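I have placed the structure first, in the form of structure tokens, so that the comments after it can refer back to it.
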Amino acid sequence: MLLKTYFAMLVILVILEISVGIAAYGKRDAIPGLISDTWATSAKDIYTKGNSTFYLNTPLYTIEKTLQCCGFADPTNYPVPATPVNCGFTGPVPVGCKTLLENKLEGSLSSIGAAGIVIGVIEIIGLIFSVVMFRKIASKENAQNALLNEAWRINRTKVQYGYSISF
């Protein structure tokens, strides 16, 4: 019973994993649009607040600081004038974050996809082993039942023909 439950749960996990992989693969073309929309929404929030102190606590600043970029498409594509105070990148030639962010996410998605494939293969191997174990256990139970039935048949025959069974 426990082996059947393990097998059923593993099948459900493999199905879910494949579903998520298919969904992610289908949505991969939407990433640039999602990045643009999210950046625009965050930039609009910064513009409405209008101060550099608020900007330093936003995800946009963290992205700019991490990727060493400024603005979305380029440093002029910014809700407030890009200066070293309100831009995460303070180098001599600031570049936009759009291409850097898309490349970073595409690289991450590739890693996630590869990890999903490896985990899926391991799960399929686990499914194969559980089926083999289940079949072995079932065949042993069938052999034991057949042996018990044969013993019962022999003992019944002995009793039927007058053999005494002494314990």
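Labels used: A, B, ... for chains in the order of the structure tokens, numbers from 1 for residues in each chain, and numbers from 1 for ligands as shown.
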
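Counting only C-alpha atoms, stretch 109-122 of chain A has the following residues at most 8 Å away, ignoring those fewer than 2 positions along the same chain: A:Val14, A:Glu17, A:Gly21, A:Leu105, A:Glu106, A:Gly107, A:Ile124, A:Ile125, A:Gly126.
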
Can you write just those residues out, C-alpha atoms, as an mmCIF file, in the first residue's frame?
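Now in result26.cif:
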data_model
loop_
_atom_site.group_PDB
_atom_site.id
_atom_site.type_symbol
_atom_site.label_atom_id
_atom_site.label_comp_id
_atom_site.auth_asym_id
_atom_site.auth_seq_id
_atom_site.Cartn_x
_atom_site.Cartn_y
_atom_site.Cartn_z
ATOM 1 C CA VAL A 14 6.123 14.453 -12.628
ATOM 2 C CA GLU A 17 6.672 19.423 -13.243
ATOM 3 C CA GLY A 21 7.861 23.395 -17.818
ATOM 4 C CA LEU A 105 16.652 36.313 -16.850
ATOM 5 C CA GLU A 106 17.167 34.189 -19.986
ATOM 6 C CA GLY A 107 20.290 32.679 -18.405
ATOM 7 C CA ILE A 124 11.302 8.835 -13.882
ATOM 8 C CA ILE A 125 14.097 6.522 -12.670
ATOM 9 C CA GLY A 126 12.390 6.488 -9.257
#

### Message
Residues within 12 Å of A:Lys104, please, as a list in words. Count only C-alpha atoms; anything in the same chain fewer than 2 positions from it doesn't count.
### Response
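Close residues of A:Lys104: Ile31, Pro32, Ile35, Ile63, Thr66, Leu67, Cys97, Lys98, Thr99, Leu100, Leu101, Glu102, Glu106, Gly107, Ser108, Leu109, Ser110 and Ser111 of chain A.
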
Applying 12 Å and only C-alpha atoms, which residues near stretch 127-143 of chain A remain after dropping the ones on its own chain fewer than 6 positions away? List them as a short mmCIF file (atom, residue, chain, number, x, y, z; two decimals) with C-alpha atoms, in the first residue's frame.
data_model
loop_
_atom_site.label_atom_id
_atom_site.label_comp_id
_atom_site.auth_asym_id
_atom_site.auth_seq_id
_atom_site.Cartn_x
_atom_site.Cartn_y
_atom_site.Cartn_z
CA MET A 1 0.00 0.00 0.00
CA LEU A 2 2.79 2.41 0.91
CA LEU A 3 4.57 1.70 -2.36
CA LYS A 4 1.38 2.41 -4.32
CA THR A 5 1.01 5.74 -2.52
CA TYR A 6 4.64 6.64 -3.25
CA PHE A 7 4.17 5.77 -6.91
CA ALA A 8 0.95 7.82 -7.20
CA MET A 9 2.54 10.87 -5.55
CA LEU A 10 5.60 10.62 -7.78
CA VAL A 11 3.41 10.42 -10.89
CA ILE A 12 1.52 13.54 -9.76
CA LEU A 13 4.82 15.39 -9.19
CA VAL A 14 6.12 14.45 -12.63
CA GLY A 120 12.45 14.88 -14.10
CA VAL A 121 14.88 12.16 -15.22
CA ASN A 149 -3.23 -23.05 -1.34
CA GLU A 150 -1.26 -26.14 -2.38
#

### Message
Show me, as JSON, numbers by chain, the residues that have an atom within 7 Å of stretch 94-96 of chain A when counting only C-alpha atoms, minus same-chain residues fewer than 6 positions from it.
### Response
{"A": [69, 70, 71, 72, 73, 74, 75]}
